[in-house]
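Source file start.txt; content: compact mmCIF, C-alpha atoms.
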```txt
# COMPACT_ATOMS: atom_id res chain seq x y z
CA MET G 34 225.10 93.59 245.51
CA LEU G 35 224.57 93.59 249.26
CA GLU G 36 222.13 90.98 250.62
CA LEU G 37 220.56 91.64 254.02
CA SER G 38 217.91 90.05 256.19
CA ASP G 39 218.36 91.91 259.48
CA ILE G 40 216.07 94.93 259.90
CA GLU G 41 218.60 97.02 261.81
CA GLU G 42 221.31 96.41 259.20
CA TRP G 43 218.82 97.44 256.53
CA ARG G 44 217.93 100.60 258.47
CA SER G 45 221.61 101.43 259.00
CA PHE G 46 222.51 100.86 255.35
CA ALA G 47 219.84 103.30 254.13
CA SER G 48 220.79 105.83 256.80
CA ASP G 49 224.45 105.63 255.83
CA GLN G 50 223.62 106.32 252.18
CA ARG G 51 221.64 109.42 253.07
CA ALA G 52 224.51 110.59 255.32
CA LYS G 53 226.67 110.56 252.19
CA GLY G 54 224.17 112.84 250.48
CA LEU G 55 222.73 110.06 248.30
CA VAL G 56 219.07 109.58 247.36
CA VAL G 57 217.76 106.14 248.30
CA GLY G 58 215.47 104.53 245.75
CA PHE G 59 213.27 101.84 247.29
CA VAL G 60 211.33 99.13 245.45
CA PRO G 61 209.14 96.94 247.72
CA THR G 62 208.23 93.56 246.20
CA MET G 63 206.84 90.18 247.18
CA GLY G 64 209.40 88.40 245.04
CA ALA G 65 208.53 86.18 242.06
CA LEU G 66 210.16 88.95 240.05
CA HIS G 67 209.55 89.51 236.35
CA ALA G 68 210.13 92.17 233.68
CA GLY G 69 207.63 94.49 235.37
CA HIS G 70 209.77 94.55 238.50
CA ALA G 71 212.86 95.02 236.34
CA SER G 72 211.28 98.19 234.95
CA LEU G 73 210.84 99.47 238.52
CA PHE G 74 214.48 98.71 239.31
CA ARG G 75 215.58 100.56 236.17
CA ALA G 76 213.40 103.56 237.04
CA ALA G 77 214.83 103.59 240.56
CA LYS G 78 218.35 103.37 239.15
CA GLU G 79 217.68 106.32 236.85
CA HIS G 80 216.02 108.56 239.44
CA SER G 81 217.99 107.81 242.60
CA ASP G 82 221.58 107.13 243.64
CA VAL G 83 221.28 103.85 245.57
CA VAL G 84 218.61 101.22 244.93
CA VAL G 85 217.21 99.06 247.72
CA ALA G 86 214.72 96.29 246.95
CA SER G 87 212.78 94.25 249.49
CA LEU G 88 211.59 90.68 248.97
CA PHE G 89 208.85 89.77 251.42
CA VAL G 90 205.66 87.78 250.88
CA ASN G 91 203.33 89.59 253.25
CA PRO G 92 200.76 87.18 254.71
CA ARG G 93 198.61 89.98 256.09
CA GLN G 94 197.42 91.01 252.63
CA PHE G 95 196.08 87.55 251.72
CA ASP G 96 192.48 86.83 252.62
CA ARG G 97 192.80 83.10 251.89
CA ARG G 98 195.40 80.70 253.25
CA ASP G 99 195.48 78.66 250.02
CA ASP G 100 196.20 81.81 247.99
CA LEU G 101 199.16 82.61 250.24
CA GLU G 102 200.49 79.06 249.96
CA LYS G 103 200.17 79.09 246.14
CA TYR G 104 201.93 82.43 245.73
CA PRO G 105 205.07 81.72 243.63
CA ARG G 106 208.45 81.95 245.37
CA THR G 107 211.63 82.13 243.27
CA PRO G 108 214.36 83.53 245.57
CA GLU G 109 217.41 82.52 243.50
CA ARG G 110 215.95 83.92 240.29
CA ASP G 111 214.86 87.07 242.15
CA LEU G 112 218.41 87.76 243.33
CA ALA G 113 219.79 87.17 239.84
CA LEU G 114 217.33 89.64 238.29
CA ALA G 115 218.03 92.27 240.96
CA LEU G 116 221.77 91.92 240.35
CA GLU G 117 221.27 92.15 236.59
CA CYS G 118 219.25 95.37 237.02
CA GLY G 119 221.91 97.04 239.18
CA VAL G 120 220.10 96.88 242.53
CA ASP G 121 222.59 97.84 245.25
CA CYS G 122 220.95 96.13 248.22
CA VAL G 123 218.34 93.38 248.48
CA VAL G 124 216.66 92.86 251.83
CA SER G 125 214.76 89.67 252.65
CA PRO G 126 213.37 90.15 256.18
CA SER G 127 212.09 87.17 258.11
CA LEU G 128 208.41 86.75 258.88
CA THR G 129 209.26 86.82 262.58
CA ASP G 130 210.98 90.20 262.26
CA MET G 131 208.18 91.71 260.21
CA TRP G 132 205.22 90.32 262.17
CA PRO G 133 206.41 88.92 265.53
CA ASP G 134 202.93 87.71 266.54
CA TYR G 135 202.12 85.87 263.32
CA PRO G 136 200.02 83.77 262.82
CA ALA G 137 198.16 85.54 265.62
CA PRO G 138 196.73 88.90 264.54
CA THR G 139 199.10 91.85 264.76
CA PRO G 140 197.57 94.44 267.12
CA THR G 141 198.67 97.47 265.07
CA THR G 142 196.98 98.01 261.71
CA VAL G 143 197.12 100.86 259.20
CA SER G 144 193.84 101.39 257.35
CA VAL G 145 192.82 103.91 254.70
CA GLY G 146 189.09 103.46 255.20
CA GLU G 147 186.77 103.65 252.22
CA LEU G 148 189.53 103.82 249.61
CA GLY G 149 190.67 100.37 250.70
CA GLU G 150 187.18 98.89 250.94
CA ARG G 151 186.18 99.17 247.27
CA PHE G 152 187.14 96.91 244.34
CA GLU G 153 190.05 94.73 245.47
CA GLY G 154 189.21 95.55 249.08
CA ALA G 155 185.61 94.42 248.65
CA GLY G 156 186.63 91.17 247.00
CA ARG G 157 189.48 90.48 249.42
CA PRO G 158 188.44 91.71 252.90
CA GLY G 159 191.35 93.14 254.86
CA HIS G 160 193.67 93.10 251.86
CA PHE G 161 194.51 96.79 251.88
CA ASP G 162 194.87 96.93 255.65
CA GLY G 163 197.61 94.35 255.12
CA VAL G 164 199.14 96.32 252.25
CA ALA G 165 199.03 99.64 254.10
CA SER G 166 200.45 98.10 257.27
CA VAL G 167 203.40 96.39 255.60
CA VAL G 168 204.26 99.38 253.40
CA ALA G 169 204.14 101.69 256.42
CA LYS G 170 206.60 99.36 258.17
CA LEU G 171 208.86 99.15 255.12
CA PHE G 172 208.92 102.95 254.86
CA THR G 173 209.64 103.26 258.58
CA ILE G 174 212.65 100.94 258.30
CA THR G 175 214.01 102.41 255.06
CA GLY G 176 213.50 106.03 256.05
CA PRO G 177 213.33 109.00 253.66
CA CYS G 178 213.45 107.69 250.11
CA ARG G 179 211.96 107.72 246.63
CA SER G 180 209.77 104.62 246.26
CA PHE G 181 208.65 103.03 242.99
CA PHE G 182 205.39 101.14 242.34
CA GLY G 183 203.77 99.81 239.19
CA GLU G 184 200.49 101.26 237.93
CA LYS G 185 199.13 97.77 237.26
CA ASP G 186 198.03 97.67 240.89
CA PHE G 187 196.33 101.04 240.48
CA GLN G 188 194.25 100.91 243.66
CA GLN G 189 197.29 99.83 245.67
CA LEU G 190 199.17 102.84 244.33
CA ALA G 191 196.32 105.12 245.44
CA VAL G 192 196.34 103.52 248.90
CA ILE G 193 200.09 104.04 249.28
CA ARG G 194 199.85 107.66 248.22
CA GLN G 195 197.10 108.12 250.80
CA ILE G 196 199.14 106.75 253.70
CA VAL G 197 202.17 108.84 252.69
CA ARG G 198 200.02 111.96 252.64
CA ASP G 199 198.08 111.21 255.83
CA LEU G 200 201.00 109.93 257.93
CA ALA G 201 203.61 112.39 256.55
CA PHE G 202 206.19 109.81 255.52
CA ALA G 203 209.26 111.42 254.00
CA VAL G 204 208.74 109.34 250.87
CA GLU G 205 208.20 110.39 247.28
CA VAL G 206 205.95 107.81 245.62
CA VAL G 207 206.65 107.26 241.92
CA GLY G 208 204.11 105.42 239.78
CA CYS G 209 205.58 103.53 236.81
CA PRO G 210 203.78 102.39 233.62
CA ILE G 211 202.28 98.92 233.26
CA VAL G 212 204.58 96.44 231.51
CA ARG G 213 202.87 94.02 229.14
CA ASP G 214 203.78 90.94 227.15
CA ASP G 215 203.75 91.27 223.37
CA ASP G 216 200.14 90.05 223.27
CA GLY G 217 199.02 92.74 225.72
CA LEU G 218 198.72 90.70 228.92
CA ALA G 219 199.82 92.78 231.92
CA LEU G 220 202.78 91.14 233.64
CA SER G 221 201.97 89.61 237.02
CA SER G 222 203.67 87.13 239.30
CA ARG G 223 200.42 85.15 239.21
CA ASN G 224 200.56 84.61 235.41
CA VAL G 225 202.87 81.62 235.85
CA THR G 226 200.05 79.71 237.56
CA LEU G 227 197.78 79.92 234.49
CA SER G 228 197.28 77.02 232.07
CA LEU G 229 197.97 77.67 228.39
CA ALA G 230 194.24 77.96 227.70
CA GLY G 231 193.79 80.11 230.80
CA ARG G 232 196.49 82.50 229.66
CA ARG G 233 194.61 83.00 226.38
CA ARG G 234 191.40 83.71 228.30
CA ALA G 235 193.27 86.15 230.54
CA LEU G 236 193.80 88.37 227.50
CA GLY G 237 190.15 89.28 227.93
CA LEU G 238 191.19 91.82 230.57
CA SER G 239 193.37 93.87 228.23
CA HIS G 240 190.89 93.39 225.38
CA ALA G 241 188.12 94.81 227.58
CA LEU G 242 190.19 97.88 228.33
CA THR G 243 191.04 98.37 224.66
CA ALA G 244 187.38 98.14 223.69
CA ALA G 245 186.39 100.72 226.33
CA ALA G 246 189.15 103.13 225.30
CA LYS G 247 188.41 103.12 221.57
CA VAL G 248 185.58 105.63 221.68
CA ALA G 249 184.58 108.20 224.30
CA ARG G 250 181.18 107.17 225.67
CA PRO G 251 179.19 107.57 228.88
CA ALA G 252 180.61 105.62 231.79
CA SER G 253 177.72 103.13 231.95
CA ILE G 254 178.24 102.12 228.32
CA GLN G 255 181.97 101.62 228.86
CA ARG G 256 181.20 99.43 231.88
CA ALA G 257 178.78 97.36 229.79
CA VAL G 258 181.33 96.99 226.99
CA MET G 259 183.99 95.75 229.38
CA HIS G 260 181.60 93.26 231.02
CA GLU G 261 180.60 91.90 227.60
CA VAL G 262 184.19 91.40 226.45
CA LEU G 263 185.26 89.76 229.70
CA GLU G 264 182.34 87.35 229.71
CA ASN G 265 182.70 86.51 226.02
CA GLU G 266 186.38 85.66 226.50
CA GLY G 267 185.79 83.39 229.47
CA VAL G 268 186.82 85.63 232.36
CA GLU G 269 184.74 85.34 235.54
CA VAL G 270 184.13 89.05 236.23
CA ALA G 271 184.93 90.47 239.65
CA TYR G 272 184.37 94.06 238.54
CA ALA G 273 184.65 96.34 235.52
CA GLU G 274 184.46 99.98 236.55
CA VAL G 275 185.23 103.49 235.32
CA VAL G 276 186.55 105.76 238.07
CA ASP G 277 188.09 109.10 238.89
CA PRO G 278 191.86 108.42 238.70
CA LEU G 279 192.55 110.24 241.98
CA THR G 280 189.65 109.31 244.27
CA LEU G 281 188.73 106.01 242.56
CA LEU G 282 185.08 106.96 242.94
CA PRO G 283 182.86 105.53 240.16
CA SER G 284 182.03 108.01 237.41
CA SER G 285 178.46 108.97 236.58
CA ASP G 286 176.98 109.31 233.10
CA ALA G 287 176.79 113.08 233.62
CA GLU G 288 180.60 113.37 233.84
CA SER G 289 183.09 113.97 231.05
CA GLY G 290 186.85 113.81 230.75
CA PRO G 291 189.77 111.45 231.39
CA ARG G 292 189.07 108.51 233.70
CA ARG G 293 190.60 105.17 234.64
CA ALA G 294 189.02 101.84 233.75
CA LEU G 295 189.61 99.07 236.31
CA VAL G 296 188.96 95.41 235.56
CA ALA G 297 189.44 92.24 237.60
CA GLY G 298 188.38 88.65 237.19
CA PHE G 299 189.17 85.00 237.71
CA VAL G 300 190.84 82.67 235.22
CA ASP G 301 191.74 79.12 236.28
CA GLY G 302 190.78 80.24 239.80
CA VAL G 303 193.48 82.93 239.70
CA ARG G 304 192.48 86.52 240.43
CA LEU G 305 193.89 88.89 237.80
CA LEU G 306 193.55 92.64 237.42
CA ASP G 307 194.36 95.33 234.89
CA ASN G 308 193.57 98.97 234.21
CA GLY G 309 194.06 101.72 231.69
CA PRO G 310 193.09 105.29 230.77
CA VAL G 311 189.76 106.01 229.09
CA SER G 312 187.83 109.12 228.20
CA ILE G 313 184.13 109.49 228.91
CA VAL G 314 181.46 111.92 227.66
CA GLY G 315 178.36 112.95 229.52
CA SER G 316 175.07 111.56 228.27
```
Would you mind giving the structure from this file in structure tokens?
Amino acid sequence: MLELSDIEEWRSFASDQRAKGLVVGFVPTMGALHAGHASLFRAAKEHSDVVVASLFVNPRQFDRRDDLEKYPRTPERDLALALECGVDCVVSPSLTDMWPDYPAPTPTTVSVGELGERFEGAGRPGHFDGVASVVAKLFTITGPCRSFFGEKDFQQLAVIRQIVRDLAFAVEVVGCPIVRDDDGLALSSRNVTLSLAGRRRALGLSHALTAAAKVARPASIQRAVMHEVLENEGVEVAYAEVVDPLTLLPSSDAESGPRRALVAGFVDGVRLLDNGPVSIVGS
């Protein structure tokens, strides 16, 4: 497995693979890898010829300094997992190369407007500007590729699809299913920071989604059900919403059909999120 840190070497490697007629599969990560990332690596391995993974904790998508400092960093374990999953090239760019002005604000920002201002964007101001900006830079360096993202961060996936469409990146975005532990908790790099009791409370997110999905009901009732489950299981609710899976606009009680339920909340001071498909019926 090739390990790179220099941006130009990374750019050249990807370009050389395409010159050979190979499809580059790209998996951007912030490290602290787990089985969910492994599933992305396996999907990239199956659907492309050469797999490139990036490891970069992007400070521009954190709205709080303490949250950035607490984000887990496990570089040696990350490299071992990437190697085990057959990743061909791991790139770990420096903060200076990615954002030369940091910690001063970077003048250039990519924003997707309203899509990035709801839900996670409302709770973490500037978060999706940071996500969109770093992903745009990663795509620019990597070049034409097939890029793989988990559906657990459903709004992030929608934001990335938006910038690819609007800015005409030669990138095919592939969404991959959520990976869960045996008890149903969605895998997240932040899970390791939970206490044992906190981890049990965190199951409230997946339980809320299960409760909403059991029976087709008007959107307002599904929202109420999710709120009740989250609160009863000790999750501090950030939001529990039923949305159109493409636009992420909240659904009205007059609508019917397949939708996406989005939930987020705090456990042990850690912000967690989850989502899943539901069906609603008009009232």
Which polymer residues have any atom within 12 Å of an atom of G:Ala76, counting all atoms listed in the file, with same-chain residues fewer than 4 positions away left out, as an mmCIF file with C-alpha atoms, in the coordinates of the input?
```cif
data_model
loop_
_atom_site.group_PDB
_atom_site.id
_atom_site.type_symbol
_atom_site.label_atom_id
_atom_site.label_comp_id
_atom_site.auth_asym_id
_atom_site.auth_seq_id
_atom_site.Cartn_x
_atom_site.Cartn_y
_atom_site.Cartn_z
ATOM 1 C CA GLY G 58 215.470 104.530 245.750
ATOM 2 C CA PHE G 59 213.270 101.840 247.290
ATOM 3 C CA VAL G 60 211.330 99.130 245.450
ATOM 4 C CA GLY G 69 207.630 94.490 235.370
ATOM 5 C CA HIS G 70 209.770 94.550 238.500
ATOM 6 C CA ALA G 71 212.860 95.020 236.340
ATOM 7 C CA SER G 72 211.280 98.190 234.950
ATOM 8 C CA HIS G 80 216.020 108.560 239.440
ATOM 9 C CA SER G 81 217.990 107.810 242.600
ATOM 10 C CA ASP G 82 221.580 107.130 243.640
ATOM 11 C CA VAL G 83 221.280 103.850 245.570
ATOM 12 C CA VAL G 84 218.610 101.220 244.930
ATOM 13 C CA CYS G 118 219.250 95.370 237.020
ATOM 14 C CA GLY G 119 221.910 97.040 239.180
ATOM 15 C CA VAL G 120 220.100 96.880 242.530
ATOM 16 C CA ARG G 179 211.960 107.720 246.630
ATOM 17 C CA SER G 180 209.770 104.620 246.260
ATOM 18 C CA PHE G 181 208.650 103.030 242.990
ATOM 19 C CA PHE G 182 205.390 101.140 242.340
ATOM 20 C CA GLY G 183 203.770 99.810 239.190
ATOM 21 C CA VAL G 207 206.650 107.260 241.920
ATOM 22 C CA GLY G 208 204.110 105.420 239.780
ATOM 23 C CA CYS G 209 205.580 103.530 236.810
ATOM 24 C CA PRO G 210 203.780 102.390 233.620
#
```
Counting all atoms listed in the file, the residue of G:Lys78, G:His160, G:Arg304, G:Arg233 that sits nearest G:Asp121:
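That would be G:Lys78, the residue with the smallest distance to G:Asp121.
Restricting the calculation to only C-alpha atoms, the smallest distance between G:Pro251 and any of G:Pro138, G:Pro177, G:Pro310, G:Gly315 is found for G:Gly315.
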So that I can check the surroundings of G:Arg213, please list as a PyMOL selection string every protein, DNA and RNA residue that reaches within 12 Å of it, counting only C-alpha atoms and ignoring chain neighbours fewer than 3 positions away.
chain G and resi 67-70+72+183-185+210+216-221+224+236+238-239+307-309
C-alpha atoms of the current selection, written as a compact mmCIF listing (two decimals), in the coordinates of the input:
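Below is the file out.txt, written as the result:
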```
# COMPACT_ATOMS: atom_id res chain seq x y z
CA HIS G 67 209.55 89.51 236.35
CA ALA G 68 210.13 92.17 233.68
CA GLY G 69 207.63 94.49 235.37
CA HIS G 70 209.77 94.55 238.50
CA SER G 72 211.28 98.19 234.95
CA GLY G 183 203.77 99.81 239.19
CA GLU G 184 200.49 101.26 237.93
CA LYS G 185 199.13 97.77 237.26
CA PRO G 210 203.78 102.39 233.62
CA ASP G 216 200.14 90.05 223.27
CA GLY G 217 199.02 92.74 225.72
CA LEU G 218 198.72 90.70 228.92
CA ALA G 219 199.82 92.78 231.92
CA LEU G 220 202.78 91.14 233.64
CA SER G 221 201.97 89.61 237.02
CA ASN G 224 200.56 84.61 235.41
CA LEU G 236 193.80 88.37 227.50
CA LEU G 238 191.19 91.82 230.57
CA SER G 239 193.37 93.87 228.23
CA ASP G 307 194.36 95.33 234.89
CA ASN G 308 193.57 98.97 234.21
CA GLY G 309 194.06 101.72 231.69
```
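Among G:Pro278, G:Gly290, G:Pro126, G:Pro61, the residue with the shortest atom-to-atom distance to G:Val164, counting all atoms listed in the file, is G:Pro61.
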Considering all atoms listed in the file, return as a list of chain:residue names whatever protein or nucleic-acid residues lie within 7 Å of stretch 264-277 of chain G, sequence-local ones (same chain, fewer than 3 positions apart) excluded.
G:Arg234, G:Ala235, G:Gly237, G:Ala252, G:Arg256, G:Met259, G:His260, G:Glu261, G:Thr280, G:Leu281, G:Leu282, G:Pro283, G:Ser284, G:Arg292, G:Arg293, G:Ala294, G:Leu295, G:Val296, G:Ala297, G:Gly298, G:Phe299, G:Val300
Keeping C-alpha atoms, export the residues of the selection given above as a short mmCIF file (atom, residue, chain, number, x, y, z; two decimals), in the frame of the given file.
```cif
data_model
loop_
_atom_site.label_atom_id
_atom_site.label_comp_id
_atom_site.auth_asym_id
_atom_site.auth_seq_id
_atom_site.Cartn_x
_atom_site.Cartn_y
_atom_site.Cartn_z
CA ARG G 234 191.40 83.71 228.30
CA ALA G 235 193.27 86.15 230.54
CA GLY G 237 190.15 89.28 227.93
CA ALA G 252 180.61 105.62 231.79
CA ARG G 256 181.20 99.43 231.88
CA MET G 259 183.99 95.75 229.38
CA HIS G 260 181.60 93.26 231.02
CA GLU G 261 180.60 91.90 227.60
CA THR G 280 189.65 109.31 244.27
CA LEU G 281 188.73 106.01 242.56
CA LEU G 282 185.08 106.96 242.94
CA PRO G 283 182.86 105.53 240.16
CA SER G 284 182.03 108.01 237.41
CA ARG G 292 189.07 108.51 233.70
CA ARG G 293 190.60 105.17 234.64
CA ALA G 294 189.02 101.84 233.75
CA LEU G 295 189.61 99.07 236.31
CA VAL G 296 188.96 95.41 235.56
CA ALA G 297 189.44 92.24 237.60
CA GLY G 298 188.38 88.65 237.19
CA PHE G 299 189.17 85.00 237.71
CA VAL G 300 190.84 82.67 235.22
#
```
So that I can check the surroundings of stretch 39-52 of chain G, please list as a ChimeraX atom specification every protein, DNA and RNA residue that reaches within 8 Å of it, counting all atoms listed in the file and ignoring chain neighbours fewer than 5 positions away.
/G:57,83,124,126-127,130,174-176
Mind checking which residues fall within 10 Å of G:Met34, counting all atoms listed in the file, ignoring those fewer than 5 positions away in the same chain, and posting them as a VMD selection string?
chain G and resid 85 112 115 to 117 119 to 123
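Atom to atom, atom CA of G:Leu55 and atom CA of G:Thr173 stand 18.0 Å apart.
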